[in-house]
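Data from protein_32.cif: mmCIF, C-alpha atoms
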```
data_my_file
#
loop_
_atom_site.label_atom_id
_atom_site.label_comp_id
_atom_site.auth_asym_id
_atom_site.auth_seq_id
_atom_site.Cartn_x
_atom_site.Cartn_y
_atom_site.Cartn_z
CA MET A 238 0.00 0.00 0.00
CA THR A 239 2.79 2.37 0.90
CA ASN A 240 4.56 1.59 -2.36
CA ASN A 241 1.41 2.37 -4.37
CA ILE A 242 1.00 5.73 -2.66
CA ALA A 243 4.64 6.59 -3.35
CA MET A 244 4.33 5.70 -7.03
CA THR A 245 1.20 7.84 -7.33
CA MET A 246 2.94 10.84 -5.76
CA ARG A 247 5.87 10.50 -8.16
CA ARG A 248 3.50 10.47 -11.13
CA PHE A 249 1.80 13.65 -9.88
CA ALA A 250 5.19 15.34 -9.49
CA PHE A 251 6.30 14.47 -13.04
CA CYS A 252 3.00 15.75 -14.47
CA ALA A 253 3.14 18.99 -12.47
CA VAL A 254 6.61 20.05 -13.73
CA PRO A 255 5.51 20.69 -17.37
CA LEU A 256 2.43 22.57 -16.15
CA VAL A 257 4.57 24.86 -13.99
CA LEU A 258 6.97 25.56 -16.89
CA VAL A 259 4.14 26.38 -19.31
CA SER A 260 2.55 28.69 -16.76
CA SER A 261 5.86 30.49 -16.19
CA PHE A 262 6.42 31.09 -19.92
CA ALA A 263 2.86 32.33 -20.34
CA THR A 264 3.14 34.92 -17.57
CA ALA A 265 6.66 36.13 -18.50
CA PRO A 266 5.59 38.35 -21.43
CA ALA A 267 2.90 39.95 -19.29
CA ARG A 268 5.44 40.75 -16.59
CA ALA A 269 7.87 42.11 -19.18
CA GLN A 270 5.13 44.28 -20.61
CA ASP A 271 4.26 45.54 -17.14
CA THR A 272 7.88 46.60 -16.54
CA THR A 273 8.36 48.01 -20.06
CA ALA A 274 5.25 50.22 -20.08
CA PRO A 275 6.40 52.52 -17.25
CA ALA A 276 9.82 52.79 -18.91
CA GLN A 277 8.24 53.87 -22.19
CA ILE A 278 6.03 56.41 -20.43
CA GLN A 279 9.05 57.79 -18.59
CA SER A 280 11.04 58.00 -21.84
CA GLN A 281 8.23 59.87 -23.58
CA SER A 282 7.93 62.22 -20.63
CA GLN A 283 11.66 62.93 -20.72
CA THR A 284 11.47 63.65 -24.46
CA GLN A 285 8.66 66.12 -23.91
CA ASN A 286 10.55 67.78 -21.07
CA GLN A 287 13.65 68.10 -23.23
CA ALA A 288 11.59 69.96 -25.83
CA SER A 289 10.53 72.57 -23.27
CA PHE A 290 12.55 75.07 -21.26
CA SER A 291 12.26 75.26 -17.51
CA GLU A 292 11.25 78.39 -15.62
CA ALA A 293 14.86 78.88 -14.54
CA GLN A 294 16.11 78.69 -18.13
CA ILE A 295 13.52 81.12 -19.45
CA GLU A 296 14.31 83.68 -16.75
CA GLN A 297 17.98 83.26 -17.60
CA PHE A 298 17.19 84.01 -21.26
CA VAL A 299 15.09 87.14 -20.68
CA ALA A 300 17.06 88.64 -17.78
CA PRO A 301 19.46 90.67 -20.00
CA ILE A 302 16.56 92.36 -21.86
CA ALA A 303 13.63 92.32 -19.40
CA LEU A 304 14.18 95.99 -18.48
CA TYR A 305 14.28 97.16 -22.10
CA PRO A 306 11.40 99.36 -23.33
CA ASP A 307 8.48 97.24 -24.48
CA PRO A 308 8.74 98.08 -28.20
CA LEU A 309 12.48 97.28 -28.33
CA LEU A 310 11.95 94.14 -26.24
CA SER A 311 9.31 92.90 -28.66
CA GLN A 312 11.59 93.56 -31.67
CA ILE A 313 14.33 91.48 -30.04
CA LEU A 314 11.94 88.61 -29.32
CA MET A 315 10.71 88.59 -32.91
CA ALA A 316 14.18 88.90 -34.46
CA SER A 317 15.62 86.16 -32.23
CA THR A 318 13.60 83.62 -34.20
CA TYR A 319 15.79 84.43 -37.25
CA PRO A 320 19.35 84.03 -35.87
CA LEU A 321 21.10 83.80 -39.24
CA GLU A 322 19.62 87.06 -40.45
CA VAL A 323 20.57 88.67 -37.15
CA VAL A 324 24.20 87.78 -37.83
CA GLU A 325 24.00 89.18 -41.36
CA ALA A 326 22.38 92.40 -40.16
CA ALA A 327 24.95 92.82 -37.37
CA ARG A 328 27.76 92.42 -39.88
CA TRP A 329 26.12 94.93 -42.19
CA SER A 330 25.70 97.46 -39.36
CA HIS A 331 29.33 97.04 -38.37
CA ASP A 332 30.47 97.66 -41.93
CA ASN A 333 28.13 100.65 -42.44
CA PRO A 334 28.22 102.67 -39.19
CA GLY A 335 27.61 105.99 -40.96
CA VAL A 336 24.37 104.94 -42.69
CA LYS A 337 21.52 106.44 -40.69
CA GLY A 338 18.16 108.09 -41.05
CA THR A 339 16.66 108.11 -44.51
CA ALA A 340 19.78 106.53 -46.01
CA LEU A 341 19.39 103.57 -43.63
CA GLU A 342 15.73 103.28 -44.46
CA ASN A 343 16.60 103.25 -48.17
CA ALA A 344 19.30 100.63 -47.64
CA MET A 345 16.93 98.31 -45.80
CA GLN A 346 14.56 98.20 -48.76
CA ALA A 347 17.25 96.30 -50.68
CA GLN A 348 17.73 93.67 -47.96
CA SER A 349 15.74 90.44 -47.85
CA TRP A 350 15.78 90.09 -44.05
CA ASP A 351 12.65 89.85 -41.96
CA PRO A 352 11.26 93.31 -41.04
CA SER A 353 11.91 92.65 -37.35
CA VAL A 354 15.62 92.19 -38.13
CA LYS A 355 15.76 95.25 -40.38
CA SER A 356 14.33 97.45 -37.64
CA LEU A 357 17.21 96.60 -35.28
CA THR A 358 19.77 98.11 -37.64
CA THR A 359 18.70 101.43 -36.13
CA VAL A 360 19.91 100.13 -32.74
CA PRO A 361 23.26 98.59 -33.75
CA GLN A 362 24.45 97.85 -30.20
CA THR A 363 21.46 95.52 -29.73
CA LEU A 364 22.32 93.67 -32.93
CA GLU A 365 25.92 93.45 -31.78
CA MET A 366 24.87 91.85 -28.49
CA MET A 367 22.59 89.35 -30.24
CA SER A 368 25.36 88.41 -32.65
CA ASP A 369 28.03 88.16 -29.95
CA LYS A 370 25.70 85.94 -27.89
CA LEU A 371 24.42 83.92 -30.83
CA ALA A 372 23.69 80.75 -28.83
CA TRP A 373 21.60 82.82 -26.42
CA THR A 374 19.78 84.47 -29.33
CA GLU A 375 18.81 81.10 -30.78
CA GLN A 376 17.66 79.76 -27.40
CA LEU A 377 15.63 82.91 -26.74
CA GLY A 378 13.93 82.53 -30.12
CA ASP A 379 13.21 78.85 -29.52
CA ALA A 380 11.67 79.61 -26.14
CA PHE A 381 9.60 82.47 -27.55
CA LEU A 382 8.20 80.30 -30.36
CA ALA A 383 7.36 77.33 -28.13
CA GLN A 384 6.49 79.02 -24.81
CA GLN A 385 5.51 82.59 -25.59
CA GLN A 386 3.31 83.03 -22.54
CA ASP A 387 6.04 81.70 -20.24
CA VAL A 388 8.56 84.11 -21.76
CA LEU A 389 6.34 87.15 -21.26
CA ASN A 390 5.44 86.04 -17.74
CA ALA A 391 9.14 85.72 -16.91
CA VAL A 392 9.71 89.31 -18.08
CA GLN A 393 6.97 90.55 -15.75
CA LYS A 394 8.33 88.55 -12.83
CA LEU A 395 11.81 90.02 -13.24
CA ARG A 396 10.46 93.54 -13.65
CA THR A 397 8.58 93.13 -10.38
CA GLU A 398 11.77 91.97 -8.66
CA ALA A 399 13.78 94.88 -10.07
CA GLN A 400 11.12 97.32 -8.95
CA ALA A 401 11.07 95.79 -5.47
CA ALA A 402 14.85 96.15 -5.31
CA GLY A 403 14.52 99.86 -6.17
CA ASN A 404 16.19 99.50 -9.57
CA LEU A 405 13.23 100.14 -11.88
CA GLN A 406 11.61 103.52 -12.02
CA SER A 407 10.93 106.26 -14.52
CA THR A 408 13.94 108.22 -15.78
CA PRO A 409 14.54 110.96 -18.35
CA GLN A 410 15.06 108.14 -20.87
CA GLN A 411 12.02 105.95 -20.25
CA VAL A 412 8.69 105.83 -18.43
CA VAL A 413 7.71 102.97 -16.11
CA MET A 414 4.02 102.43 -15.41
CA THR A 415 1.39 99.72 -14.99
CA ALA A 416 -1.06 98.63 -17.68
CA SER A 417 -4.75 98.84 -17.01
CA PRO A 418 -6.78 95.82 -18.12
CA PRO A 419 -8.64 96.26 -21.41
CA SER A 420 -12.39 96.13 -21.44
CA GLY A 421 -13.73 92.61 -21.21
CA VAL A 422 -10.56 91.17 -19.67
CA ALA A 423 -10.93 89.76 -16.15
CA VAL A 424 -8.05 90.44 -13.77
CA SER A 425 -6.96 87.18 -12.15
CA GLY A 426 -4.67 88.76 -9.56
CA PRO A 427 -3.77 92.04 -7.91
CA GLN A 428 -0.57 92.44 -9.92
CA GLN A 429 -0.91 94.52 -13.09
CA PRO A 430 1.69 94.26 -15.87
CA ILE A 431 4.61 96.69 -15.69
CA VAL A 432 5.04 98.64 -18.92
CA ILE A 433 8.25 100.41 -20.00
CA GLU A 434 8.04 102.98 -22.79
CA PRO A 435 10.59 105.42 -24.21
CA VAL A 436 10.02 109.07 -23.40
CA ASN A 437 10.33 109.83 -27.11
CA PRO A 438 9.12 106.95 -29.33
CA ASP A 439 11.55 108.02 -32.05
CA VAL A 440 14.63 107.98 -29.79
CA TYR A 441 15.81 105.00 -27.74
CA TYR A 442 18.27 104.83 -24.87
CA VAL A 443 19.19 101.19 -24.38
CA PRO A 444 19.55 100.32 -20.67
CA VAL A 445 22.77 98.65 -19.54
CA TYR A 446 22.73 96.64 -16.30
CA ASN A 447 24.10 93.54 -14.63
CA PRO A 448 21.28 90.97 -14.28
CA ALA A 449 23.01 89.41 -11.28
CA VAL A 450 22.60 92.71 -9.40
CA VAL A 451 19.56 94.57 -10.71
CA TYR A 452 17.01 91.91 -9.70
CA GLY A 453 18.38 91.35 -6.22
CA ALA A 454 19.44 87.86 -5.21
CA TRP A 455 19.26 85.56 -8.24
CA ASP A 456 17.03 82.54 -7.63
CA TYR A 457 18.84 80.08 -9.92
CA PRO A 458 22.62 79.98 -9.38
CA ALA A 459 22.92 77.13 -11.90
CA TYR A 460 21.35 79.38 -14.57
CA SER A 461 23.12 82.69 -14.19
CA PRO A 462 22.38 85.23 -16.97
CA PHE A 463 25.18 86.95 -18.85
CA TYR A 464 26.15 90.60 -18.49
CA TRP A 465 26.86 92.47 -21.72
CA SER A 466 27.74 96.12 -22.27
CA PRO A 467 28.82 98.02 -25.39
CA PRO A 468 32.60 98.16 -25.94
CA GLY A 469 34.11 101.01 -23.95
CA PHE A 470 30.93 101.68 -21.98
CA VAL A 471 31.36 102.73 -18.35
CA ALA A 472 28.32 102.19 -16.11
CA SER A 473 27.48 104.94 -13.65
CA ASN A 474 24.52 103.30 -11.87
CA VAL A 475 22.94 99.92 -11.35
CA VAL A 476 20.92 100.75 -14.46
CA SER A 477 22.74 103.02 -16.91
CA PHE A 478 21.81 104.08 -20.41
CA ALA A 479 23.75 104.13 -23.63
CA ALA A 480 23.66 107.19 -25.87
CA GLY A 481 20.31 107.78 -27.51
CA VAL A 482 19.78 106.63 -31.07
CA ALA A 483 17.23 108.08 -33.47
CA VAL A 484 15.10 105.25 -34.82
CA GLY A 485 12.26 107.11 -36.50
CA ALA A 486 9.48 104.65 -37.30
CA ALA A 487 11.80 101.62 -37.34
CA ILE A 488 10.66 100.23 -33.96
CA TRP A 489 7.09 99.13 -34.60
CA GLY A 490 6.60 96.24 -32.14
CA GLY A 491 4.71 96.18 -28.86
CA CYS A 492 3.55 93.85 -26.09
CA ASP A 493 -0.02 92.92 -25.23
CA TRP A 494 0.67 91.79 -21.69
CA TRP A 495 -2.89 90.85 -20.88
CA ASN A 496 -3.20 88.44 -23.80
CA HIS A 497 0.48 87.40 -23.88
CA ASN A 498 1.04 88.51 -27.48
CA VAL A 499 3.53 90.58 -29.42
CA ILE A 500 1.71 93.09 -31.58
CA ILE A 501 2.49 95.32 -34.56
CA ASN A 502 2.01 99.06 -34.87
CA VAL A 503 0.81 98.97 -38.47
CA ILE A 504 1.34 102.68 -39.13
CA ARG A 505 4.99 102.66 -38.05
CA PHE A 506 5.55 99.35 -39.82
CA ASN A 507 4.29 100.75 -43.12
CA VAL A 508 6.37 103.92 -42.83
CA PHE A 509 9.73 102.24 -42.22
CA ASN A 510 9.21 99.27 -44.54
CA ARG A 511 7.40 101.35 -47.19
CA ALA A 512 4.63 98.80 -47.13
CA ASN A 513 0.87 99.03 -47.20
CA ILE A 514 -0.31 96.27 -44.91
CA ASN A 515 -3.79 96.68 -43.54
CA VAL A 516 -4.57 94.03 -40.97
CA THR A 517 -7.40 93.86 -38.51
CA ASN A 518 -5.46 91.35 -36.41
CA ASN A 519 -2.15 93.01 -35.55
CA ILE A 520 -0.69 90.03 -33.68
CA TRP A 521 2.79 89.12 -34.89
CA GLU A 522 3.30 85.70 -36.49
CA HIS A 523 6.58 83.94 -37.19
CA ASN A 524 7.59 83.62 -40.86
CA PRO A 525 9.55 80.37 -41.42
CA ALA A 526 10.80 81.63 -44.80
CA HIS A 527 13.35 83.74 -42.89
CA ARG A 528 14.43 80.95 -40.54
CA GLY A 529 17.07 79.61 -42.93
CA ASP A 530 18.31 76.14 -42.11
CA VAL A 531 18.24 76.62 -38.34
CA PRO A 532 16.23 73.70 -36.95
CA TYR A 533 13.31 74.23 -34.62
CA ARG A 534 14.12 72.77 -31.22
CA ASN A 535 10.53 71.95 -30.33
CA ALA A 536 8.84 69.21 -32.40
CA ALA A 537 5.43 70.85 -32.20
CA VAL A 538 6.87 74.15 -33.44
CA ALA A 539 8.66 72.37 -36.27
CA GLN A 540 5.45 70.65 -37.30
CA ARG A 541 3.54 73.92 -37.07
CA PHE A 542 5.79 75.98 -39.30
CA GLY A 543 7.19 73.27 -41.58
CA ARG A 544 10.51 73.40 -43.41
CA ALA A 545 9.55 74.40 -46.94
CA ASN A 546 12.66 76.53 -47.32
CA GLU A 547 15.25 73.92 -46.28
CA ALA A 548 16.70 73.28 -49.73
CA ALA A 549 17.15 76.95 -50.52
CA ALA A 550 18.83 77.83 -47.23
CA ARG A 551 20.96 74.75 -46.51
CA GLU A 552 24.12 76.00 -48.18
CA ALA A 553 23.86 79.48 -46.65
CA PHE A 554 23.57 78.05 -43.16
CA ARG A 555 26.47 75.62 -43.67
CA ASP A 556 28.78 78.45 -44.78
CA ARG A 557 27.92 80.55 -41.74
CA ALA A 558 27.95 77.71 -39.22
CA ASP A 559 31.41 76.55 -40.32
CA ALA A 560 32.93 80.00 -39.83
CA PRO A 561 34.19 80.89 -36.33
CA HIS A 562 31.82 83.30 -34.64
CA ASP A 563 34.67 85.59 -33.61
CA ASP A 564 35.28 86.36 -37.26
CA LEU A 565 31.78 87.64 -37.92
CA PHE A 566 32.99 91.24 -38.06
CA ARG A 567 36.23 90.54 -39.87
CA ASP A 568 36.78 90.58 -43.56
CA ARG A 569 36.05 87.24 -45.09
CA ALA A 570 39.27 85.36 -45.52
CA ASN A 571 38.05 83.70 -48.65
CA ALA A 572 36.82 86.85 -50.39
CA GLY A 573 39.30 86.27 -53.20
CA HIS A 574 39.21 82.50 -52.99
CA ASP A 575 38.15 82.01 -56.57
CA ASP A 576 41.02 84.14 -57.87
CA ILE A 577 43.53 82.39 -55.60
CA SER A 578 42.31 78.98 -56.70
CA ARG A 579 42.48 80.03 -60.33
CA ASP A 580 46.03 81.32 -59.96
CA ARG A 581 47.03 78.16 -58.15
CA ALA A 582 45.61 76.05 -60.92
CA ASP A 583 47.48 78.14 -63.51
CA THR A 584 50.70 77.80 -61.53
CA GLN A 585 50.36 74.05 -61.39
CA ARG A 586 49.73 73.89 -65.13
CA SER A 587 52.73 76.07 -65.85
CA ASP A 588 54.95 73.98 -63.56
CA VAL A 589 53.84 70.76 -65.19
CA LEU A 590 54.42 72.04 -68.72
CA ARG A 591 57.72 73.62 -67.75
CA ARG A 592 58.97 70.26 -66.53
CA THR A 593 58.28 68.73 -69.88
CA ASP A 594 60.85 71.15 -71.37
CA GLY A 595 63.87 70.31 -69.30
CA ASP A 596 63.42 69.00 -65.78
CA ALA A 597 62.11 65.63 -66.75
CA GLY A 598 64.78 65.08 -69.35
CA ASP A 599 64.29 62.18 -71.69
CA THR A 600 61.06 61.13 -69.91
CA ALA A 601 59.38 64.32 -71.09
CA GLY A 602 60.37 63.42 -74.59
CA ARG A 603 58.52 60.17 -74.23
CA ILE A 604 55.31 61.57 -72.68
CA ALA A 605 54.77 65.00 -74.23
CA PRO A 606 54.18 63.83 -77.82
CA ALA A 607 51.53 61.39 -76.65
CA LEU A 608 49.36 64.22 -75.27
CA PRO A 609 46.57 65.45 -77.57
CA ASP A 610 47.51 68.27 -79.88
CA ARG A 611 46.24 71.60 -78.55
CA ARG A 612 46.87 75.29 -78.93
CA ASP A 613 48.62 77.37 -76.29
CA GLY A 614 45.35 79.16 -75.47
CA ASP A 615 43.77 75.85 -74.45
CA VAL A 616 46.34 75.26 -71.73
CA SER A 617 44.89 77.91 -69.41
CA ARG A 618 41.29 76.98 -70.08
CA ASP A 619 40.34 76.96 -66.38
CA GLY A 620 42.57 79.78 -65.30
CA GLY A 621 41.42 82.48 -67.69
CA ASP A 622 42.12 83.41 -71.30
CA ARG A 623 45.86 83.77 -70.91
CA ALA A 624 48.08 82.22 -73.51
CA VAL A 625 51.27 80.40 -72.53
CA ASP A 626 54.25 81.98 -74.31
CA ARG A 627 56.12 78.77 -74.77
CA ALA A 628 56.24 76.33 -77.61
CA MET A 629 55.34 72.71 -77.03
CA PRO A 630 58.10 70.14 -77.51
CA GLU A 631 58.53 69.04 -81.07
CA HIS A 632 56.92 65.82 -82.19
CA ARG A 633 59.16 62.78 -82.23
CA ASP A 634 58.85 59.37 -83.70
CA PHE A 635 58.56 56.81 -80.94
CA ALA A 636 58.40 53.69 -83.01
CA PRO A 637 61.27 51.39 -81.97
CA ARG A 638 63.95 50.64 -84.50
CA ARG A 639 63.82 47.11 -85.75
CA ASP A 640 66.19 45.18 -87.95
CA ASP A 641 63.30 43.67 -89.81
CA ALA A 642 62.09 46.53 -91.99
CA SER A 643 59.28 44.45 -93.44
CA ARG A 644 57.39 44.45 -90.13
CA PRO A 645 55.33 47.66 -89.70
CA ALA A 646 56.39 49.83 -86.72
CA MET A 647 52.80 50.33 -85.51
CA ARG A 648 52.03 50.72 -81.81
CA SER A 649 48.80 51.59 -80.08
CA ARG A 650 48.38 55.00 -78.51
CA ALA A 651 48.30 53.44 -75.04
CA GLN A 652 51.64 51.76 -75.74
CA VAL A 653 53.11 55.01 -76.92
CA PHE A 654 51.91 56.84 -73.79
CA ARG A 655 53.32 54.20 -71.44
CA PRO A 656 57.01 55.04 -70.91
CA GLY A 657 59.54 52.32 -70.55
CA ARG A 658 60.52 51.01 -67.17
CA SER A 659 64.01 52.40 -67.41
CA ALA A 660 62.74 55.88 -68.17
CA MET A 661 60.77 56.05 -64.90
CA ALA A 662 63.73 55.11 -62.72
CA GLY A 663 64.60 57.47 -59.90
CA GLY A 664 61.07 58.65 -59.24
CA GLY A 665 60.19 59.39 -62.85
CA PHE A 666 57.70 62.11 -63.82
CA HIS A 667 54.94 62.95 -61.32
CA LEU A 668 52.07 65.37 -61.61
CA ARG A 669 51.63 67.26 -58.36
CA GLY A 670 48.33 66.90 -56.56
CA GLY A 671 47.16 64.10 -58.84
CA GLY A 672 47.46 65.99 -62.12
CA PHE A 673 45.21 68.68 -63.54
CA HIS A 674 42.14 69.53 -61.55
CA ARG A 675 39.28 71.68 -62.70
CA ARG A 676 38.21 74.21 -60.13
#
```
Can the structure in the file be given as structure tokens, please?
Amino acid sequence: MTNNIAMTMRRFAFCAVPLVLVSSFATAPARAQDTTAPAQIQSQSQTQNQASFSEAQIEQFVAPIALYPDPLLSQILMASTYPLEVVEAARWSHDNPGVKGTALENAMQAQSWDPSVKSLTTVPQTLEMMSDKLAWTEQLGDAFLAQQQDVLNAVQKLRTEAQAAGNLQSTPQQVVMTASPPSGVAVSGPQQPIVIEPVNPDVYYVPVYNPAVVYGAWDYPAYSPFYWSPPGFVASNVVSFAAGVAVGAAIWGGCDWWNHNVIINVIRFNVFNRANINVTNNIWEHNPAHRGDVPYRNAAVAQRFGRANEAAAREAFRDRADAPHDDLFRDRANAGHDDISRDRADTQRSDVLRRTDGDAGDTAGRIAPALPDRRDGDVSRDGGDRAVDRAMPEHRDFAPRRDDASRPAMRSRAQVFRPGRSAMAGGGFHLRGGGFHRR
């Protein structure tokens, strides 16, 4: 009886092992899926976070310009979305410091830059800062396109802090006030937006200040803003002002703080740009045609504006991106590159042909006659229409002498061109740089 019970238990054990294995394999994918799903959700969340700037980063971006007059601030925000054109305009301003007033307005009609970039040529020190801090300019533009409300809120927060620290008040250069809510807009809090306007809308005094000081204690030590001042400028106060610049109608932007929009003064826009736009909705919109080949950091922004102009702008961006940024205001080193390359090609041709006269000795006598017959003017085909004042070596007969005169001394052209082994001894005849190259 005991033996029978033992045999039965063994049979149950053997049958249970396969069932346990099958059950384990069946539940393994479900467990793997349970552990993979949170990882995928976390990865997607990280990707979304990477596409957005934090509050600390945005305040770092706007700190150097938060105390600028509203119209100038709005022009900077708009122009920052076109960093390549900012660089071009800054270079132009540096090369044309004496072009002002009507002459500047005339010159801007010939440029293809976005109107927001053109307007800043009347305030060259602002363009210089944006070009010197090009990485910051691009980040500011990316943040403004993707998180416009956050950017404008950060400006208001910093203005409040500067005012609380006693560093923001009206001066002979600009007026500081609060904006009353427009009709139909409900006020969500006691704080009203702080507005900064120039005393004279046709003359701007750009404020110069250290962001690490003007706002009081900085809340984000890991994201400290930069301090920039015009070359040779000496600050006299916590907030100083550069010399006034006459802008006329060039500065046509503005801020609608209650609706978190940048708006356009249509009248001033039409005057400076000699346009005739008549829009009922004066809210500014980004124009991707002026973006060049600078990628949009945020995927939603990239999908919104598209990249229809990639092919046309790719080469322009590559040329500018490859150049060191410190050389933006220097003369282009390759301004005469085509002429240099042409002269180099001509020099190589002349050296090669000169060697066939004497340097290569008997080897030149073997190779030169095998080259196609051509006139002297054809030699400098790529280097210009200059003729080479030198006669080509005279034609020789390269057929080998044979004792048997009845056999024709005919050789293929390839055989004629191939010099004998003995003739190439000692390094032979070499064409520098791999021979002739078209440029």
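When all atoms listed in the file are used to compute distances to A:Ala372, the closest of the residues A:Thr318, A:Ser311, A:Asn498, A:Asn447 turns out to be A:Thr318.
Restricting the calculation to only C-alpha atoms, the smallest distance between A:Trp350 and any of A:Leu377, A:Ala480, A:Val450, A:Ala326 is found for A:Ala326.
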Query - Nearby residues (only C-alpha atoms) at most 10 Å from stretch 413-421 of chain A, same-chain spacing under 6 positions excluded, as a PyMOL selection string - result: chain A and resi 304+306+400+405-407+428-436+493-496
Report task. Mind listing whatever residues come within 8 Å of the point (12.6, 89.7, -25.5)? Use only C-alpha atoms, file coordinates, and give them as a PyMOL selection string. Result -> chain A and resi 299+302-303+310-315+377+388-389+392
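When atom CA of A:Tyr452 is paired with atom CA of A:Arg396, their separation reads 7.8 Å.
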Report task. Run the PyMOL selection byres ((chain A and resi 456) around 12) mentally over the shown coordinates, then write out the matched residues as a list in words, using the chain letters and numbers from the document. Result -> Glu292, Ala293, Gln294, Glu296, Gln297, Ala300, Lys394, Leu395, Glu398, Pro448, Ala449, Val450, Tyr452, Gly453, Ala454, Trp455, Tyr457, Pro458, Ala459, Tyr460, Ser461 and Pro462 of chain A
Query raised in the report: Could you work out how far atom CA of A:Gln386 lies from atom CA of A:Arg534, giving the answer in Å with one decimal?
Result: 17.2 Å
Query - Radius query 8 Å about (8.1, 104.6, -34.4), atoms used: only C-alpha atoms, as a VMD selection string - result: chain A and resid 438 to 439 484 to 489 505 to 506
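Interatomic distance, atom CA of A:Thr363 against atom CA of A:Val531: 21.0 Å.
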Query raised in the report: Evaluating the PyMOL selection byres ((chain A and resi 327) around 12) on the displayed file yields which residues, as a ChimeraX atom specification?
Result: /A:316,320-326,328-334,350,354-371,565-567
Requested in this report: Using the chain letters and numbering of this document, enumerate as a count of residues only the residues selected by the PyMOL selection byres ((chain A and resi 523) around 12).
Outcome: 30
Requested in this report: Pick out the residues sitting within 10 Å of A:Gln346, and hand them over as a count of residues only; count all atoms listed in the file, and ignore anything fewer than 3 positions along from it in its own chain.
Outcome: 10
Query raised in the report: Got a sec: who's within 10 Å of A:Asn474, counting all atoms listed in the file, leaving out chain neighbours fewer than 2 positions off, as a PyMOL selection string?
Result: chain A and resi 404+445-446+471-472+476-478
Fix up stretch 490-501 of chain A with N, CA, C and O atoms, then write it as a compact mmCIF listing (two decimals), in the coordinates of the input.
```txt
# COMPACT_ATOMS: atom_id res chain seq x y z
N GLY A 490 7.16 97.34 -32.93
CA GLY A 490 6.60 96.24 -32.14
C GLY A 490 6.00 96.73 -30.84
O GLY A 490 6.16 97.88 -30.44
N GLY A 491 5.30 95.86 -30.16
CA GLY A 491 4.71 96.18 -28.86
C GLY A 491 4.30 94.90 -28.15
O GLY A 491 4.32 93.80 -28.74
N CYS A 492 3.94 95.01 -26.90
CA CYS A 492 3.55 93.85 -26.09
C CYS A 492 2.12 94.01 -25.59
O CYS A 492 1.78 95.04 -25.02
N ASP A 493 1.32 93.01 -25.81
CA ASP A 493 -0.02 92.92 -25.23
C ASP A 493 0.09 92.00 -24.03
O ASP A 493 -0.04 90.77 -24.14
N TRP A 494 0.38 92.60 -22.87
CA TRP A 494 0.67 91.79 -21.69
C TRP A 494 -0.54 91.01 -21.19
O TRP A 494 -0.39 89.91 -20.64
N TRP A 495 -1.71 91.53 -21.38
CA TRP A 495 -2.89 90.85 -20.88
C TRP A 495 -3.23 89.60 -21.67
O TRP A 495 -3.76 88.63 -21.13
N ASN A 496 -2.91 89.60 -22.95
CA ASN A 496 -3.20 88.44 -23.80
C ASN A 496 -1.94 87.67 -24.19
O ASN A 496 -2.00 86.74 -24.99
N HIS A 497 -0.80 88.09 -23.65
CA HIS A 497 0.48 87.40 -23.88
C HIS A 497 0.81 87.31 -25.38
O HIS A 497 1.13 86.24 -25.89
N ASN A 498 0.73 88.45 -26.05
CA ASN A 498 1.04 88.51 -27.48
C ASN A 498 2.02 89.64 -27.76
O ASN A 498 2.10 90.62 -27.01
N VAL A 499 2.74 89.48 -28.86
CA VAL A 499 3.53 90.58 -29.42
C VAL A 499 2.74 91.14 -30.58
O VAL A 499 2.26 90.40 -31.44
N ILE A 500 2.58 92.46 -30.60
CA ILE A 500 1.71 93.09 -31.58
C ILE A 500 2.50 94.03 -32.48
O ILE A 500 3.67 94.35 -32.20
N ILE A 501 1.86 94.47 -33.56
CA ILE A 501 2.49 95.32 -34.56
C ILE A 501 1.77 96.66 -34.62
O ILE A 501 0.54 96.71 -34.69
```
